[in-house]
Amino acid sequence: MRQQQPRKKKYAVLLLCLMLSFFAWFTLKMSENYTAKYELEVVFTDIPPDKTLVNYSDSTLLVTFEDKGLSLLSIEFFSKKLKINYDEITSSYQKKHNNICLQENQIIRYIQSQRRFSKRIKSIHPEKICLRLKDNEE
């Protein structure tokens, strides 16, 4: 029975070394730069109560990120849904109109303001999303 104790210790040390080497490998891989494309489903929220969203030009947005693996990990594991808050993304001028187009720089700034997305966006496609709203009749 005495010989089994050192054997168990050897396996424990081996397992610990394997876990440490995996952790070191994972850390190195996640510190490298990657380019990744994600197709995000676009959903608009917080449309003013006096308006109805009739339609919008694109329901998906292809976003290319270029960042370290760790920054892209949250996009990889969580929902690929981009909830766009109408009130936050639109300018005061746009809010006065029923037909508007959200420009590339507006969309990129909005995505960058969301915590779960990387701030290093290389490109988006399409470059704009056009909305058509209608006034609600009272």
# chains A, B, ... in the order shown; residues from 1 in each chain; ligands from 1
$ residues_around --residues "range 50-61 of chain A" --least-positions-apart "5" --cutoff "8 Å" --atoms "only C-alpha atoms" --output "list in words"
Glu39, Leu40, Glu41, Val42, Val43, Ile124, His125, Pro126, Ile129, Cys130, Leu131, Arg132, Leu133, Lys134, Asp135 and Asn136 of chain A
$ residues_around --residues "Lys37 in chain A" --least-positions-apart "4" --cutoff "12 Å" --atoms "only C-alpha atoms" --output "compact mmCIF listing (two decimals) with all heavy atoms, in the first residue's frame"
# COMPACT_ATOMS: atom_id res chain seq x y z
N LEU A 61 -26.70 42.49 -39.93
CA LEU A 61 -25.54 43.36 -40.13
C LEU A 61 -24.30 42.47 -40.03
O LEU A 61 -24.13 41.74 -39.05
CB LEU A 61 -25.54 44.42 -39.04
CG LEU A 61 -24.68 45.64 -39.17
CD1 LEU A 61 -25.07 46.46 -40.41
CD2 LEU A 61 -24.83 46.51 -37.94
N LEU A 62 -23.47 42.51 -41.06
CA LEU A 62 -22.22 41.74 -41.04
C LEU A 62 -21.12 42.67 -40.53
O LEU A 62 -20.77 43.65 -41.18
CB LEU A 62 -21.88 41.22 -42.44
CG LEU A 62 -20.67 40.31 -42.52
CD1 LEU A 62 -20.89 39.02 -41.73
CD2 LEU A 62 -20.36 39.99 -43.97
N VAL A 63 -20.61 42.36 -39.33
CA VAL A 63 -19.61 43.21 -38.68
C VAL A 63 -18.29 42.45 -38.61
O VAL A 63 -18.24 41.31 -38.16
CB VAL A 63 -20.06 43.62 -37.26
CG1 VAL A 63 -19.05 44.56 -36.63
CG2 VAL A 63 -21.43 44.25 -37.29
N THR A 64 -17.22 43.11 -39.06
CA THR A 64 -15.88 42.54 -38.99
C THR A 64 -15.11 43.23 -37.89
O THR A 64 -14.94 44.45 -37.91
CB THR A 64 -15.13 42.70 -40.34
OG1 THR A 64 -15.92 42.14 -41.37
CG2 THR A 64 -13.78 42.02 -40.28
N PHE A 65 -14.69 42.45 -36.91
CA PHE A 65 -13.90 42.95 -35.78
C PHE A 65 -12.46 42.51 -35.98
O PHE A 65 -12.19 41.43 -36.51
CB PHE A 65 -14.41 42.37 -34.46
CG PHE A 65 -15.80 42.78 -34.09
CD1 PHE A 65 -16.89 41.97 -34.39
CD2 PHE A 65 -16.04 43.98 -33.42
CE1 PHE A 65 -18.17 42.34 -34.04
CE2 PHE A 65 -17.32 44.35 -33.07
CZ PHE A 65 -18.39 43.54 -33.38
N GLU A 66 -11.53 43.33 -35.50
CA GLU A 66 -10.11 42.97 -35.51
C GLU A 66 -9.57 43.30 -34.12
O GLU A 66 -9.36 44.46 -33.79
CB GLU A 66 -9.38 43.75 -36.59
CG GLU A 66 -7.98 43.27 -36.85
CD GLU A 66 -7.36 43.94 -38.05
OE1 GLU A 66 -7.20 45.18 -38.00
OE2 GLU A 66 -7.06 43.24 -39.02
N ASP A 67 -9.37 42.25 -33.32
CA ASP A 67 -8.98 42.49 -31.93
C ASP A 67 -8.35 41.23 -31.36
O ASP A 67 -8.27 40.20 -32.01
CB ASP A 67 -10.22 42.88 -31.11
CG ASP A 67 -9.89 43.78 -29.93
OD1 ASP A 67 -8.71 43.88 -29.55
OD2 ASP A 67 -10.82 44.38 -29.38
N LEU A 72 -12.80 39.18 -28.27
CA LEU A 72 -13.81 38.59 -29.17
C LEU A 72 -14.56 37.43 -28.53
O LEU A 72 -15.59 37.00 -29.06
CB LEU A 72 -13.13 38.13 -30.46
CG LEU A 72 -12.45 39.21 -31.29
CD1 LEU A 72 -11.68 38.59 -32.45
CD2 LEU A 72 -13.45 40.23 -31.79
N ILE A 75 -18.35 37.88 -27.77
CA ILE A 75 -19.20 37.85 -28.96
C ILE A 75 -19.42 36.40 -29.38
O ILE A 75 -20.52 36.01 -29.78
CB ILE A 75 -18.57 38.63 -30.13
CG1 ILE A 75 -18.25 40.07 -29.72
CG2 ILE A 75 -19.48 38.63 -31.35
CD1 ILE A 75 -17.38 40.82 -30.70
N GLU A 76 -18.38 35.62 -29.28
CA GLU A 76 -18.43 34.22 -29.71
C GLU A 76 -19.44 33.41 -28.89
O GLU A 76 -20.16 32.58 -29.44
CB GLU A 76 -17.03 33.61 -29.58
CG GLU A 76 -16.85 32.30 -30.25
CD GLU A 76 -16.95 32.37 -31.76
OE1 GLU A 76 -16.42 33.30 -32.37
OE2 GLU A 76 -17.57 31.45 -32.33
N LYS A 80 -26.05 36.71 -30.80
CA LYS A 80 -25.62 37.50 -31.96
C LYS A 80 -26.71 38.50 -32.34
O LYS A 80 -26.91 38.83 -33.49
CB LYS A 80 -25.31 36.60 -33.16
CG LYS A 80 -24.36 35.46 -32.91
CD LYS A 80 -22.94 35.91 -32.71
CE LYS A 80 -21.96 34.79 -32.64
NZ LYS A 80 -21.96 34.00 -31.45
N SER A 118 -16.47 44.21 -29.12
CA SER A 118 -15.15 44.82 -29.21
C SER A 118 -15.29 46.23 -29.78
O SER A 118 -16.16 46.51 -30.58
CB SER A 118 -14.28 43.98 -30.14
OG SER A 118 -13.11 44.67 -30.49
N ILE A 121 -13.69 47.85 -34.61
CA ILE A 121 -14.50 47.41 -35.75
C ILE A 121 -13.77 47.77 -37.03
O ILE A 121 -13.41 48.93 -37.25
CB ILE A 121 -15.90 48.07 -35.70
CG1 ILE A 121 -16.62 47.62 -34.43
CG2 ILE A 121 -16.70 47.72 -36.95
CD1 ILE A 121 -17.91 48.36 -34.17
N LYS A 122 -13.56 46.79 -37.87
CA LYS A 122 -12.87 47.00 -39.14
C LYS A 122 -13.85 47.45 -40.22
O LYS A 122 -13.56 48.36 -40.99
CB LYS A 122 -12.17 45.70 -39.55
CG LYS A 122 -11.24 45.85 -40.70
CD LYS A 122 -10.48 44.55 -40.92
CE LYS A 122 -9.48 44.71 -42.05
NZ LYS A 122 -8.76 43.47 -42.28
N SER A 123 -15.03 46.82 -40.28
CA SER A 123 -16.03 47.20 -41.28
C SER A 123 -17.41 46.68 -40.89
O SER A 123 -17.53 45.78 -40.06
CB SER A 123 -15.65 46.66 -42.66
OG SER A 123 -15.74 45.24 -42.66
N ILE A 124 -18.43 47.29 -41.50
CA ILE A 124 -19.79 46.79 -41.36
C ILE A 124 -20.42 46.73 -42.75
O ILE A 124 -20.04 47.50 -43.65
CB ILE A 124 -20.66 47.65 -40.42
CG1 ILE A 124 -20.84 49.06 -40.97
CG2 ILE A 124 -20.12 47.66 -39.01
CD1 ILE A 124 -21.89 49.86 -40.23
N HIS A 125 -21.34 45.82 -42.93
CA HIS A 125 -22.07 45.71 -44.19
C HIS A 125 -23.50 45.30 -43.89
O HIS A 125 -23.69 44.34 -43.18
CB HIS A 125 -21.41 44.70 -45.12
CG HIS A 125 -22.08 44.63 -46.44
ND1 HIS A 125 -21.89 45.57 -47.41
CD2 HIS A 125 -22.97 43.74 -46.95
CE1 HIS A 125 -22.63 45.27 -48.46
NE2 HIS A 125 -23.29 44.16 -48.19
$ select_by_dssp --residues "range 11-128 of chain A" --states "strand (DSSP E)" --output "ChimeraX atom specification"
/A:33-45,51-56,60-68,81-85,99-102,121-125
$ atom_distance --atom1 "CA of Ala36 in chain A" --atom2 "CA of Phe117 in chain A"
11.9 Å
$ residues_around --residues "range 109-116 of chain A" --least-positions-apart "6" --cutoff "8 Å" --atoms "only C-alpha atoms" --output "list in words"
Ser74, Ile75, Ile84 and Ile89 of chain A
$ closest_residue --among "A:Gln106, A:Ser71, A:Asn85, A:Asn33" --to "Thr45 in chain A" --atoms "only C-alpha atoms"
A:Asn85
